[in-house]
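Taking it in order: structure first as structure tokens, then the write-up.
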Amino acid sequence: MRRSLSTGLPALGKRALGAVRFSVLAAAISACGIQGAFAEDYTLGAMDKLRIRVAEWQTAEGTVRDWSAISGEYTVGASGGISLPFLGSMPASGKTTSEIADEVALQLQKLFGLPDRPSASVELAQYRPIYLAGEVQTPGEYPFAPDMTVLKAVSLGGGLRRAESGQRFARDFINAQGDSSVQIAERNRLLVRRARLQAEIAEKTEIVVPAELKNVADAPGLLESEKALMVSRDKRQKLQLTALAELKALLQSEIEALGKKSVTQTRQLELVMEDKDRVDVLAEKGLALSARKLSVEQRAADLQAALLDIDTASLKAKQDVSQASQDETNLRNDWDAQLAQELQNTEAELDTLSLKLITSRDLMTEALMQSADASQMPRAGVIADISYSIIRQKDGKSTKIAADESTPIQPGDVVKVEPTLNTQ
């Protein structure tokens, strides 16, 4: 008789032992996961996640084969089914995990003609979420856990929403008031800047205080700051104009000096030309040496070249004077254009701030009115209660169930929290 190499038992005993081990393995697989007594009776729905594992005991070989192609996690779709390899779409909504396991095992046996039915284990990997709505601090979708009650669910959402009524209006008023204060301060600075620009355009040395700032406490400080800026800008412009004026005066002096030098050189050239004429007459009569004639001509040429250099230098100096005058004109024009542009930008900023101030004041007025309305609401004899209800899907229909803090909830439930006013 053939014996097992590992145990020394007969082959039949090995198969029996393998079957026992397979039964224990299947039981262990079914016991693991998050499902307990609640999950055993729990009917599946859309968004539930399942973990499926299939194993087959092969009697002929006495071994266990794991169906890894089938095993894995699956999510119940919106249509209420799961899609498995080989088996295709399988209805799951409204069924228990045990029913799904039996169906998977049966379908695999039929599909592949297996002599022994495989063991399928289906466990809940994750319940479908619950939803919080109404007077909850953070409404939304939350994961479900076994033994969850309405109170536990509300605690996931941060508890009940804090009463804000008057506090919210007061906060809105404070925010609008802060924005308004910042905008008023910015407007005051812009008003003083506009007054300073207008004074610079009019070439005045003093800034006229705007009428809007007559009774403003920080107006003197703003005026001093703008006054210092105006003095600094005026000093810089005057220094530039003075430098250009000095350059023009220097060039004009150079032109005058060159003119005097030209007169002197011209007079010397005239004398040399007279001497040259006399030498030419003597040379024709044979009374003057050729060396003397050449010397006179060389001197005349040198004087003519010097006069040409003087004329060139004088022309260059006149061009520099013209350029300095143009620079002076450009400086004044650029200064006027800069002032005009700054004034235009300041006016635009003032218009924008005026609109923002109107908005902030409207918000402050509305917050005050709302706060006043809230403060006038009756308080004595009025008690605010919280009511709970559960919206549950059953057979494709929504059912509203009255609840309290200890009411257990199920996966997929919508917990609705609503305030009610009770008078005494």
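All residue names refer to the structure tokens as shown: chains lettered A, B, ... in order, residues numbered from 1 in each chain, ligands numbered from 1 in order.
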Polymer residues at most 12 Å from stretch 209-216 of chain A, only C-alpha atoms, same-chain spacing of 3 or more positions, as a CSV table (one decimal) with N, CA and C atoms, in the first residue's frame:
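Contents of selection_32.csv, as written:
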chain,number,residue,atom,x,y,z
A,184,ILE,N,-10.7,103.1,4.7
A,184,ILE,CA,-10.7,104.5,5.0
A,184,ILE,C,-9.3,105.0,5.2
A,185,ALA,N,-8.4,104.3,5.9
A,185,ALA,CA,-7.0,104.7,6.0
A,185,ALA,C,-6.3,104.8,4.7
A,187,ARG,N,-7.9,105.4,1.8
A,187,ARG,CA,-8.5,106.5,1.1
A,187,ARG,C,-7.8,107.8,1.6
A,188,ASN,N,-7.6,108.0,2.9
A,188,ASN,CA,-7.0,109.2,3.4
A,188,ASN,C,-5.6,109.4,2.8
A,189,ARG,N,-4.8,108.3,2.7
A,189,ARG,CA,-3.5,108.4,2.1
A,189,ARG,C,-3.6,108.9,0.7
A,190,LEU,N,-4.6,108.3,0.0
A,190,LEU,CA,-4.8,108.7,-1.4
A,190,LEU,C,-5.2,110.1,-1.6
A,191,LEU,N,-6.1,110.6,-0.7
A,191,LEU,CA,-6.5,112.0,-0.7
A,191,LEU,C,-5.3,112.9,-0.6
A,192,VAL,N,-4.4,112.6,0.4
A,192,VAL,CA,-3.3,113.5,0.6
A,192,VAL,C,-2.3,113.4,-0.6
A,193,ARG,N,-2.2,112.2,-1.1
A,193,ARG,CA,-1.3,112.1,-2.3
A,193,ARG,C,-1.9,112.9,-3.5
A,194,ARG,N,-3.2,112.8,-3.7
A,194,ARG,CA,-3.8,113.6,-4.7
A,194,ARG,C,-3.5,115.1,-4.5
A,195,ALA,N,-3.7,115.6,-3.3
A,195,ALA,CA,-3.4,117.0,-3.0
A,195,ALA,C,-2.0,117.4,-3.3
A,196,ARG,N,-1.0,116.4,-3.0
A,196,ARG,CA,0.4,116.7,-3.2
A,196,ARG,C,0.7,116.8,-4.7
A,198,GLN,N,-1.5,117.5,-7.1
A,198,GLN,CA,-2.1,118.8,-7.6
A,198,GLN,C,-1.2,120.0,-7.3
A,199,ALA,N,-0.6,120.0,-6.1
A,199,ALA,CA,0.3,121.1,-5.8
A,199,ALA,C,1.6,121.1,-6.7
A,206,GLU,N,3.2,124.5,-1.2
A,206,GLU,CA,2.4,124.0,0.0
A,206,GLU,C,1.3,123.1,-0.5
A,219,ALA,N,-4.4,113.2,9.9
A,219,ALA,CA,-4.2,114.0,8.7
A,219,ALA,C,-2.8,114.8,8.7
A,220,PRO,N,-2.4,115.4,9.9
A,220,PRO,CA,-1.2,116.1,9.9
A,220,PRO,C,0.0,115.2,9.6
A,221,GLY,N,0.0,114.0,10.1
A,221,GLY,CA,1.1,113.1,9.8
A,221,GLY,C,1.2,112.7,8.4
A,222,LEU,N,0.0,112.5,7.8
A,222,LEU,CA,0.0,112.2,6.3
A,222,LEU,C,0.5,113.3,5.5
A,223,LEU,N,0.1,114.6,5.9
A,223,LEU,CA,0.6,115.8,5.2
A,223,LEU,C,2.1,115.9,5.3
A,224,GLU,N,2.6,115.7,6.5
A,224,GLU,CA,4.1,115.8,6.7
A,224,GLU,C,4.8,114.8,5.8
A,226,GLU,N,3.8,113.4,2.9
A,226,GLU,CA,3.7,113.8,1.5
A,226,GLU,C,4.5,115.1,1.3
A,227,LYS,N,4.6,116.0,2.2
A,227,LYS,CA,5.4,117.2,2.1
A,227,LYS,C,6.8,116.9,1.9
Which residue of A:Gln183, A:Ser322, A:Glu123, A:Ala305 approaches A:Leu355 most closely, using only C-alpha atoms: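 For A:Leu355, the nearest of the given residues is A:Gln183.
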Among listed residues A:Ile255, A:Leu160, A:Val122, A:Val154, nearest A:Ala92 (using only C-alpha atoms): A:Val122
Strand (DSSP E) call set, DSSP backbone run, stretch 131-296 of chain A, as a list in words: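 Selection result, strand (DSSP E) within stretch 131-296 of chain A: Tyr131, Leu132, Ala133, Gly134, Gly140, Glu141 and Tyr142 of chain A.
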Expected file: the selected residues, all heavy atoms, as a compact mmCIF listing (two decimals), in the first residue's frame:
# COMPACT_ATOMS: atom_id res chain seq x y z
N TYR A 131 -24.42 58.70 5.83
CA TYR A 131 -24.41 60.12 5.47
C TYR A 131 -25.05 60.93 6.58
O TYR A 131 -26.05 60.52 7.19
CB TYR A 131 -25.16 60.35 4.15
CG TYR A 131 -24.60 59.53 3.02
CD1 TYR A 131 -25.07 58.23 2.77
CD2 TYR A 131 -23.59 60.03 2.21
CE1 TYR A 131 -24.55 57.48 1.74
CE2 TYR A 131 -23.07 59.28 1.16
CZ TYR A 131 -23.54 58.00 0.94
OH TYR A 131 -23.02 57.25 -0.07
N LEU A 132 -24.44 62.08 6.88
CA LEU A 132 -24.96 63.00 7.90
C LEU A 132 -25.46 64.26 7.20
O LEU A 132 -24.75 64.82 6.35
CB LEU A 132 -23.88 63.35 8.92
CG LEU A 132 -23.27 62.17 9.70
CD1 LEU A 132 -22.22 62.67 10.67
CD2 LEU A 132 -24.35 61.40 10.44
N ALA A 133 -26.65 64.71 7.58
CA ALA A 133 -27.23 65.91 6.98
C ALA A 133 -27.92 66.73 8.05
O ALA A 133 -28.31 66.22 9.10
CB ALA A 133 -28.23 65.52 5.88
N GLY A 134 -28.04 68.04 7.80
CA GLY A 134 -28.76 68.91 8.71
C GLY A 134 -27.84 69.65 9.66
O GLY A 134 -26.73 70.07 9.28
N GLY A 140 -21.79 65.20 5.63
CA GLY A 140 -21.10 64.52 4.54
C GLY A 140 -21.15 63.02 4.68
O GLY A 140 -21.97 62.46 5.41
N GLU A 141 -20.24 62.34 3.98
CA GLU A 141 -20.17 60.88 3.92
C GLU A 141 -19.14 60.39 4.92
O GLU A 141 -18.03 60.93 5.00
CB GLU A 141 -19.80 60.46 2.51
CG GLU A 141 -19.56 58.98 2.33
CD GLU A 141 -19.08 58.65 0.93
OE1 GLU A 141 -19.72 59.11 -0.04
OE2 GLU A 141 -18.07 57.93 0.81
N TYR A 142 -19.48 59.32 5.69
CA TYR A 142 -18.59 58.77 6.69
C TYR A 142 -18.64 57.24 6.64
O TYR A 142 -19.68 56.65 6.30
CB TYR A 142 -18.96 59.26 8.09
CG TYR A 142 -18.73 60.74 8.28
CD1 TYR A 142 -19.74 61.67 8.02
CD2 TYR A 142 -17.49 61.21 8.68
CE1 TYR A 142 -19.51 63.02 8.17
CE2 TYR A 142 -17.26 62.58 8.84
CZ TYR A 142 -18.28 63.47 8.58
OH TYR A 142 -18.04 64.81 8.72
Length of the atom CA of A:Val182 to atom CA of A:Leu197 vector [Å]: 22.7 Å
Pick from A:Ser89, A:Asp66, A:Pro146, A:Glu73, whichever lies nearest to A:Ser119 using only C-alpha atoms: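 Of all the options, A:Asp66 lies closest to A:Ser119.
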